[in-house]
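**Q** Quick one: the structure is below, and I'll ask about it shortly.
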Amino acid sequence: MLLSCAATPVLAGDLNLKLVDAAGRPVSDAVVSVRPAGGIPTGPIRFPWPTTMIQQNVAFVPHVLVVPVGATVRFPNKDKVRHHVYSFSRPAKFEIKLFGQDETRSYTFKTAGAVALGCNIHDQMTGFIKVVDTPFATKSDTAGAARIAGMATGTAKVTIWHPLLRTKDNELVLNIPIPGSGAASKTVPLTLRSAR
């Protein structure tokens, strides 16, 4: 009996989402994370964007940052005023006490989940870090588009998170089939709370 040692090619597909609100307007800053049918590859997770949350113009920039578990996020202060960054969120409770212009502090995020940020000095400052345990993650752009490529085919568990999403834990979970060629494309309406 002959056994073939040829490797079976793994088919990979893409996911294209368009995220819109109840009025059909695009939703930006929604984090999309996917657990493909074939599971998560081993090894460190790296994304092409920096793990940096800048304080600039008395705001967190970007407003939403996606990082992998274990990432160390830098917090450079580009303002002329001092900031005091903190979070009371379950995945990461911490505070970075007063630091001034052109100073940088950092924090390592060890648990997956959503982390809400604030500044003890400037109450209007809010930001979010979504810590993920999958390399298949991104956030929607200003057109509401989110694309993730190169996933194993089969039904994938797709989680959509947004700070204003009117659901438990601000998350919506969908099962979406990923085809062996081409892409799965879907428009997903999101029910959002009004921003304060």
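Ordering of the structure tokens sets the chain letters (A, B, ...); residue numbers start at 1 within each chain; ligands are numbered from 1 in the order shown.
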Pull the closest atom pair for each residue of region 34-116 of chain A that gets at most 10 Å from region 134-155 of chain A, along with the distance in Å to one decimal, counting only C-alpha atoms, ordering rows by chain and then ascending residue number, as a tab-separated table.
**A**
residue	atom	partner	partner_atom	distance
A:Val34	CA	A:Phe136	CA	5.4
A:Arg35	CA	A:Thr134	CA	6.8
A:Pro36	CA	A:Ala152	CA	6.0
A:Ala37	CA	A:Gly154	CA	5.2
A:Gly38	CA	A:Ala152	CA	5.5
A:Gly39	CA	A:Ala152	CA	8.0
A:Ile40	CA	A:Thr134	CA	6.3
A:Pro41	CA	A:Pro135	CA	8.1
A:Thr42	CA	A:Thr134	CA	9.7
A:Gly43	CA	A:Pro135	CA	9.7
A:Pro44	CA	A:Pro135	CA	8.6
A:Ile45	CA	A:Pro135	CA	5.4
A:Arg46	CA	A:Pro135	CA	6.9
A:Phe47	CA	A:Pro135	CA	7.4
A:Trp49	CA	A:Thr138	CA	10.0
A:Val64	CA	A:Lys139	CA	8.4
A:Leu65	CA	A:Lys139	CA	8.4
A:Val66	CA	A:Thr138	CA	7.0
A:Val67	CA	A:Ala137	CA	9.0
A:Pro68	CA	A:Thr134	CA	7.3
A:Val69	CA	A:Thr134	CA	8.7
A:Ala112	CA	A:Thr134	CA	9.7
**Q** Counting only C-alpha atoms, what is within 8 Å of Thr159 (chain A), bar same-chain residues fewer than 3 positions away, as a PDB file with all heavy atoms, in the first residue's frame?
**A**
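Below is the file that was written, out-v5.pdb:
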ATOM      1  N   VAL A  31     -13.811  47.011  15.646  1.00  0.00           N
ATOM      2  CA  VAL A  31     -12.763  45.997  15.598  1.00  0.00           C
ATOM      3  C   VAL A  31     -13.380  44.668  15.180  1.00  0.00           C
ATOM      4  O   VAL A  31     -14.349  44.199  15.787  1.00  0.00           O
ATOM      5  CB  VAL A  31     -12.053  45.851  16.957  1.00  0.00           C
ATOM      6  CG1 VAL A  31     -11.025  44.732  16.903  1.00  0.00           C
ATOM      7  CG2 VAL A  31     -11.403  47.177  17.350  1.00  0.00           C
ATOM      8  N   VAL A  32     -12.806  44.078  14.137  1.00  0.00           N
ATOM      9  CA  VAL A  32     -13.248  42.774  13.642  1.00  0.00           C
ATOM     10  C   VAL A  32     -12.143  41.766  13.937  1.00  0.00           C
ATOM     11  O   VAL A  32     -10.995  41.967  13.536  1.00  0.00           O
ATOM     12  CB  VAL A  32     -13.526  42.820  12.127  1.00  0.00           C
ATOM     13  CG1 VAL A  32     -13.930  41.436  11.617  1.00  0.00           C
ATOM     14  CG2 VAL A  32     -14.597  43.856  11.802  1.00  0.00           C
ATOM     15  N   SER A  33     -12.481  40.706  14.670  1.00  0.00           N
ATOM     16  CA  SER A  33     -11.518  39.635  14.931  1.00  0.00           C
ATOM     17  C   SER A  33     -12.155  38.314  14.535  1.00  0.00           C
ATOM     18  O   SER A  33     -13.359  38.113  14.721  1.00  0.00           O
ATOM     19  CB  SER A  33     -11.064  39.636  16.388  1.00  0.00           C
ATOM     20  OG  SER A  33     -12.164  39.518  17.259  1.00  0.00           O
ATOM     21  N   VAL A  34     -11.337  37.420  13.961  1.00  0.00           N
ATOM     22  CA  VAL A  34     -11.865  36.189  13.378  1.00  0.00           C
ATOM     23  C   VAL A  34     -11.121  34.983  13.918  1.00  0.00           C
ATOM     24  O   VAL A  34      -9.889  34.992  14.024  1.00  0.00           O
ATOM     25  CB  VAL A  34     -11.744  36.229  11.833  1.00  0.00           C
ATOM     26  CG1 VAL A  34     -12.345  34.965  11.220  1.00  0.00           C
ATOM     27  CG2 VAL A  34     -12.420  37.468  11.256  1.00  0.00           C
ATOM     28  N   GLU A 171     -20.167  43.682  21.864  1.00  0.00           N
ATOM     29  CA  GLU A 171     -19.732  42.732  20.839  1.00  0.00           C
ATOM     30  C   GLU A 171     -20.913  42.092  20.127  1.00  0.00           C
ATOM     31  O   GLU A 171     -21.960  41.848  20.725  1.00  0.00           O
ATOM     32  CB  GLU A 171     -18.885  41.610  21.455  1.00  0.00           C
ATOM     33  CG  GLU A 171     -17.513  42.039  21.887  1.00  0.00           C
ATOM     34  CD  GLU A 171     -16.656  40.874  22.320  1.00  0.00           C
ATOM     35  OE1 GLU A 171     -17.182  39.777  22.573  1.00  0.00           O
ATOM     36  OE2 GLU A 171     -15.429  41.078  22.425  1.00  0.00           O
ATOM     37  N   LEU A 172     -20.697  41.811  18.853  1.00  0.00           N
ATOM     38  CA  LEU A 172     -21.644  41.052  18.035  1.00  0.00           C
ATOM     39  C   LEU A 172     -20.863  39.886  17.444  1.00  0.00           C
ATOM     40  O   LEU A 172     -19.790  40.079  16.868  1.00  0.00           O
ATOM     41  CB  LEU A 172     -22.200  41.945  16.917  1.00  0.00           C
ATOM     42  CG  LEU A 172     -23.100  41.281  15.879  1.00  0.00           C
ATOM     43  CD1 LEU A 172     -24.400  40.808  16.523  1.00  0.00           C
ATOM     44  CD2 LEU A 172     -23.391  42.257  14.742  1.00  0.00           C
ATOM     45  N   VAL A 173     -21.382  38.646  17.605  1.00  0.00           N
ATOM     46  CA  VAL A 173     -20.691  37.460  17.101  1.00  0.00           C
ATOM     47  C   VAL A 173     -21.509  36.852  15.963  1.00  0.00           C
ATOM     48  O   VAL A 173     -22.715  36.620  16.107  1.00  0.00           O
ATOM     49  CB  VAL A 173     -20.468  36.423  18.222  1.00  0.00           C
ATOM     50  CG1 VAL A 173     -19.775  35.180  17.671  1.00  0.00           C
ATOM     51  CG2 VAL A 173     -19.642  37.031  19.355  1.00  0.00           C
ATOM     52  N   LEU A 174     -20.834  36.617  14.837  1.00  0.00           N
ATOM     53  CA  LEU A 174     -21.475  36.039  13.656  1.00  0.00           C
ATOM     54  C   LEU A 174     -20.690  34.814  13.205  1.00  0.00           C
ATOM     55  O   LEU A 174     -19.467  34.749  13.381  1.00  0.00           O
ATOM     56  CB  LEU A 174     -21.495  37.052  12.501  1.00  0.00           C
ATOM     57  CG  LEU A 174     -22.129  38.417  12.759  1.00  0.00           C
ATOM     58  CD1 LEU A 174     -21.846  39.347  11.596  1.00  0.00           C
ATOM     59  CD2 LEU A 174     -23.629  38.271  12.958  1.00  0.00           C
TER      60      LEU A 174
END
**Q** For region 192-194 of chain A, work out the shell of residues within 12 Å, counting only C-alpha atoms and skipping chain neighbours fewer than 4 positions away, then give it as a PDB file with N, CA, C and O atoms, in the first residue's frame.
**A**
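Generated output (part-v9.pdb):
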ATOM      1  N   LEU A  19     -19.476  47.760   7.513  1.00  0.00           N
ATOM      2  CA  LEU A  19     -20.197  47.980   8.762  1.00  0.00           C
ATOM      3  C   LEU A  19     -20.942  49.309   8.697  1.00  0.00           C
ATOM      4  O   LEU A  19     -20.339  50.345   8.394  1.00  0.00           O
ATOM      5  N   VAL A  20     -22.241  49.247   8.960  1.00  0.00           N
ATOM      6  CA  VAL A  20     -23.081  50.443   8.852  1.00  0.00           C
ATOM      7  C   VAL A  20     -23.954  50.564  10.098  1.00  0.00           C
ATOM      8  O   VAL A  20     -24.214  49.577  10.790  1.00  0.00           O
ATOM      9  N   ASP A  21     -24.409  51.800  10.367  1.00  0.00           N
ATOM     10  CA  ASP A  21     -25.326  52.000  11.488  1.00  0.00           C
ATOM     11  C   ASP A  21     -26.764  51.803  11.011  1.00  0.00           C
ATOM     12  O   ASP A  21     -27.008  51.419   9.854  1.00  0.00           O
ATOM     13  N   ALA A  22     -27.724  52.069  11.897  1.00  0.00           N
ATOM     14  CA  ALA A  22     -29.130  51.820  11.572  1.00  0.00           C
ATOM     15  C   ALA A  22     -29.610  52.663  10.396  1.00  0.00           C
ATOM     16  O   ALA A  22     -30.552  52.283   9.689  1.00  0.00           O
ATOM     17  N   ALA A  23     -28.938  53.797  10.143  1.00  0.00           N
ATOM     18  CA  ALA A  23     -29.319  54.664   9.025  1.00  0.00           C
ATOM     19  C   ALA A  23     -28.528  54.353   7.758  1.00  0.00           C
ATOM     20  O   ALA A  23     -28.653  55.053   6.756  1.00  0.00           O
ATOM     21  N   GLY A  24     -27.683  53.318   7.806  1.00  0.00           N
ATOM     22  CA  GLY A  24     -26.901  52.951   6.634  1.00  0.00           C
ATOM     23  C   GLY A  24     -25.596  53.711   6.481  1.00  0.00           C
ATOM     24  O   GLY A  24     -24.903  53.558   5.477  1.00  0.00           O
ATOM     25  N   ARG A  25     -25.249  54.530   7.493  1.00  0.00           N
ATOM     26  CA  ARG A  25     -23.986  55.280   7.427  1.00  0.00           C
ATOM     27  C   ARG A  25     -22.832  54.390   7.860  1.00  0.00           C
ATOM     28  O   ARG A  25     -22.996  53.545   8.741  1.00  0.00           O
ATOM     29  N   PRO A  26     -21.644  54.573   7.254  1.00  0.00           N
ATOM     30  CA  PRO A  26     -20.510  53.721   7.615  1.00  0.00           C
ATOM     31  C   PRO A  26     -20.094  53.915   9.063  1.00  0.00           C
ATOM     32  O   PRO A  26     -20.174  55.019   9.613  1.00  0.00           O
ATOM     33  N   VAL A  27     -19.646  52.821   9.683  1.00  0.00           N
ATOM     34  CA  VAL A  27     -19.166  52.845  11.070  1.00  0.00           C
ATOM     35  C   VAL A  27     -17.663  52.586  11.048  1.00  0.00           C
ATOM     36  O   VAL A  27     -17.214  51.515  10.625  1.00  0.00           O
ATOM     37  N   SER A  28     -16.898  53.567  11.495  1.00  0.00           N
ATOM     38  CA  SER A  28     -15.449  53.398  11.599  1.00  0.00           C
ATOM     39  C   SER A  28     -15.083  52.952  13.003  1.00  0.00           C
ATOM     40  O   SER A  28     -15.905  53.010  13.928  1.00  0.00           O
ATOM     41  N   ALA A  30     -14.638  50.075  14.276  1.00  0.00           N
ATOM     42  CA  ALA A  30     -15.173  48.807  14.776  1.00  0.00           C
ATOM     43  C   ALA A  30     -14.086  47.750  14.608  1.00  0.00           C
ATOM     44  O   ALA A  30     -13.488  47.634  13.536  1.00  0.00           O
ATOM     45  N   TRP A 161     -16.549  44.337  17.525  1.00  0.00           N
ATOM     46  CA  TRP A 161     -16.601  45.121  18.766  1.00  0.00           C
ATOM     47  C   TRP A 161     -16.536  46.602  18.407  1.00  0.00           C
ATOM     48  O   TRP A 161     -15.779  47.019  17.523  1.00  0.00           O
ATOM     49  N   HIS A 162     -17.342  47.397  19.080  1.00  0.00           N
ATOM     50  CA  HIS A 162     -17.300  48.854  18.933  1.00  0.00           C
ATOM     51  C   HIS A 162     -17.684  49.460  20.276  1.00  0.00           C
ATOM     52  O   HIS A 162     -18.567  48.938  20.968  1.00  0.00           O
ATOM     53  N   PRO A 163     -17.039  50.568  20.681  1.00  0.00           N
ATOM     54  CA  PRO A 163     -17.337  51.116  22.019  1.00  0.00           C
ATOM     55  C   PRO A 163     -18.787  51.554  22.208  1.00  0.00           C
ATOM     56  O   PRO A 163     -19.253  51.634  23.341  1.00  0.00           O
ATOM     57  N   LEU A 164     -19.511  51.810  21.110  1.00  0.00           N
ATOM     58  CA  LEU A 164     -20.902  52.254  21.222  1.00  0.00           C
ATOM     59  C   LEU A 164     -21.908  51.182  20.819  1.00  0.00           C
ATOM     60  O   LEU A 164     -23.101  51.457  20.726  1.00  0.00           O
ATOM     61  N   LEU A 165     -21.448  49.958  20.572  1.00  0.00           N
ATOM     62  CA  LEU A 165     -22.351  48.895  20.129  1.00  0.00           C
ATOM     63  C   LEU A 165     -23.315  48.531  21.246  1.00  0.00           C
ATOM     64  O   LEU A 165     -22.906  48.274  22.379  1.00  0.00           O
ATOM     65  N   ARG A 166     -24.598  48.514  20.912  1.00  0.00           N
ATOM     66  CA  ARG A 166     -25.634  48.269  21.920  1.00  0.00           C
ATOM     67  C   ARG A 166     -25.879  46.757  22.073  1.00  0.00           C
ATOM     68  O   ARG A 166     -26.925  46.220  21.685  1.00  0.00           O
ATOM     69  N   THR A 167     -24.877  46.079  22.597  1.00  0.00           N
ATOM     70  CA  THR A 167     -24.963  44.642  22.846  1.00  0.00           C
ATOM     71  C   THR A 167     -24.159  44.338  24.103  1.00  0.00           C
ATOM     72  O   THR A 167     -23.410  45.193  24.590  1.00  0.00           O
ATOM     73  N   ASN A 170     -20.416  45.071  24.256  1.00  0.00           N
ATOM     74  CA  ASN A 170     -20.187  45.844  23.018  1.00  0.00           C
ATOM     75  C   ASN A 170     -19.739  44.957  21.866  1.00  0.00           C
ATOM     76  O   ASN A 170     -19.002  45.407  20.985  1.00  0.00           O
ATOM     77  N   GLU A 171     -20.167  43.682  21.864  1.00  0.00           N
ATOM     78  CA  GLU A 171     -19.732  42.732  20.839  1.00  0.00           C
ATOM     79  C   GLU A 171     -20.913  42.092  20.127  1.00  0.00           C
ATOM     80  O   GLU A 171     -21.960  41.848  20.725  1.00  0.00           O
ATOM     81  N   LEU A 172     -20.697  41.811  18.853  1.00  0.00           N
ATOM     82  CA  LEU A 172     -21.644  41.052  18.035  1.00  0.00           C
ATOM     83  C   LEU A 172     -20.863  39.886  17.444  1.00  0.00           C
ATOM     84  O   LEU A 172     -19.790  40.079  16.868  1.00  0.00           O
TER      85      LEU A 172
END
**Q** Give me, as a short mmCIF file (atom, residue, chain, number, x, y, z; two decimals) with N, CA, C and O atoms, in the first residue's frame, all polymer residues having an atom no more than 8 Å from region 114-116 of chain A, counting only C-alpha atoms and skipping those fewer than 2 positions away in the same chain.
**A**
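Writing done, so here's out-v4.cif:
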data_model
loop_
_atom_site.label_atom_id
_atom_site.label_comp_id
_atom_site.auth_asym_id
_atom_site.auth_seq_id
_atom_site.Cartn_x
_atom_site.Cartn_y
_atom_site.Cartn_z
N SER A 87 -6.86 52.99 33.41
CA SER A 87 -7.95 52.11 32.99
C SER A 87 -8.45 51.34 34.19
O SER A 87 -7.65 50.85 34.99
N PHE A 88 -9.78 51.20 34.27
CA PHE A 88 -10.40 50.36 35.28
C PHE A 88 -10.96 49.09 34.66
O PHE A 88 -11.69 48.34 35.30
N SER A 89 -10.66 48.83 33.38
CA SER A 89 -11.22 47.69 32.67
C SER A 89 -10.66 46.37 33.20
O SER A 89 -9.49 46.29 33.57
N ARG A 90 -11.49 45.32 33.20
CA ARG A 90 -11.09 44.02 33.74
C ARG A 90 -9.82 43.46 33.08
O ARG A 90 -8.96 42.93 33.79
N PRO A 91 -9.65 43.53 31.75
CA PRO A 91 -8.45 42.95 31.16
C PRO A 91 -7.14 43.66 31.55
O PRO A 91 -6.07 43.07 31.45
N ALA A 92 -7.24 44.93 31.95
CA ALA A 92 -6.01 45.67 32.31
C ALA A 92 -6.37 46.86 33.18
O ALA A 92 -6.84 47.88 32.70
N ALA A 112 -6.65 39.24 26.77
CA ALA A 112 -7.52 39.69 25.68
C ALA A 112 -8.76 40.38 26.25
O ALA A 112 -9.26 40.03 27.31
N GLY A 118 -8.74 56.51 30.07
CA GLY A 118 -9.11 57.86 30.42
C GLY A 118 -7.88 58.62 30.88
O GLY A 118 -6.79 58.05 31.00
N THR A 126 -11.04 60.08 26.03
CA THR A 126 -11.36 58.66 26.07
C THR A 126 -10.68 57.97 24.90
O THR A 126 -10.52 58.56 23.83
N GLY A 127 -10.28 56.75 25.12
CA GLY A 127 -9.68 55.94 24.07
C GLY A 127 -9.89 54.48 24.41
O GLY A 127 -10.30 54.14 25.54
N PHE A 128 -9.64 53.61 23.45
CA PHE A 128 -9.88 52.19 23.66
C PHE A 128 -8.76 51.37 23.03
O PHE A 128 -8.30 51.67 21.93
N ILE A 129 -8.34 50.34 23.75
CA ILE A 129 -7.39 49.37 23.21
C ILE A 129 -8.08 48.02 23.22
O ILE A 129 -8.56 47.56 24.27
N LYS A 130 -8.21 47.42 22.04
CA LYS A 130 -8.82 46.09 21.93
C LYS A 130 -7.69 45.08 21.80
O LYS A 130 -6.93 45.08 20.83
N VAL A 131 -7.53 44.26 22.83
CA VAL A 131 -6.46 43.27 22.88
C VAL A 131 -7.03 41.95 22.34
O VAL A 131 -8.04 41.45 22.86
#
**Q** Can you pull out every residue from region 91-176 of chain A that DSSP, working from the backbone, puts in strand (DSSP E), and format the result as a ChimeraX atom specification?
**A** /A:92-99,104-108,113-119,126-132,137-139,145-152,154-161,171-176
**Q** Quick one: residues within 12 Å of Asn77 (chain A), only C-alpha atoms, excluding same-chain residues fewer than 5 positions away - as a list in words?
**A** Thr52, Met53, Ile54, Gln55, Gln56, Asn57, Val58, Ala59, Phe60, Val61, Arg82, His83, His84, Val85, Ile96, Leu98, Phe99, Gly100, Gln101, Asp102, Glu103, Thr104, Arg105, Ser106 and Cys119 of chain A
**Q** One decimal, Å: what's the distance from CA of Phe94 (chain A) over to CA of Asp169 (chain A), could you say?
**A**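 Going from CA of Phe94 (chain A) over to CA of Asp169 (chain A) covers 20.0 Å.
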**Q** For CA of Lys186 (chain A) and CA of Pro62 (chain A), quote the distance in Å rounded to one decimal.
**A**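 CA of Pro62 (chain A) lies at a distance of 25.8 Å from CA of Lys186 (chain A).
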**Q** Hey, can you check how far CA of His63 (chain A) sits from CA of Thr108 (chain A)?
**A** 18.3 Å
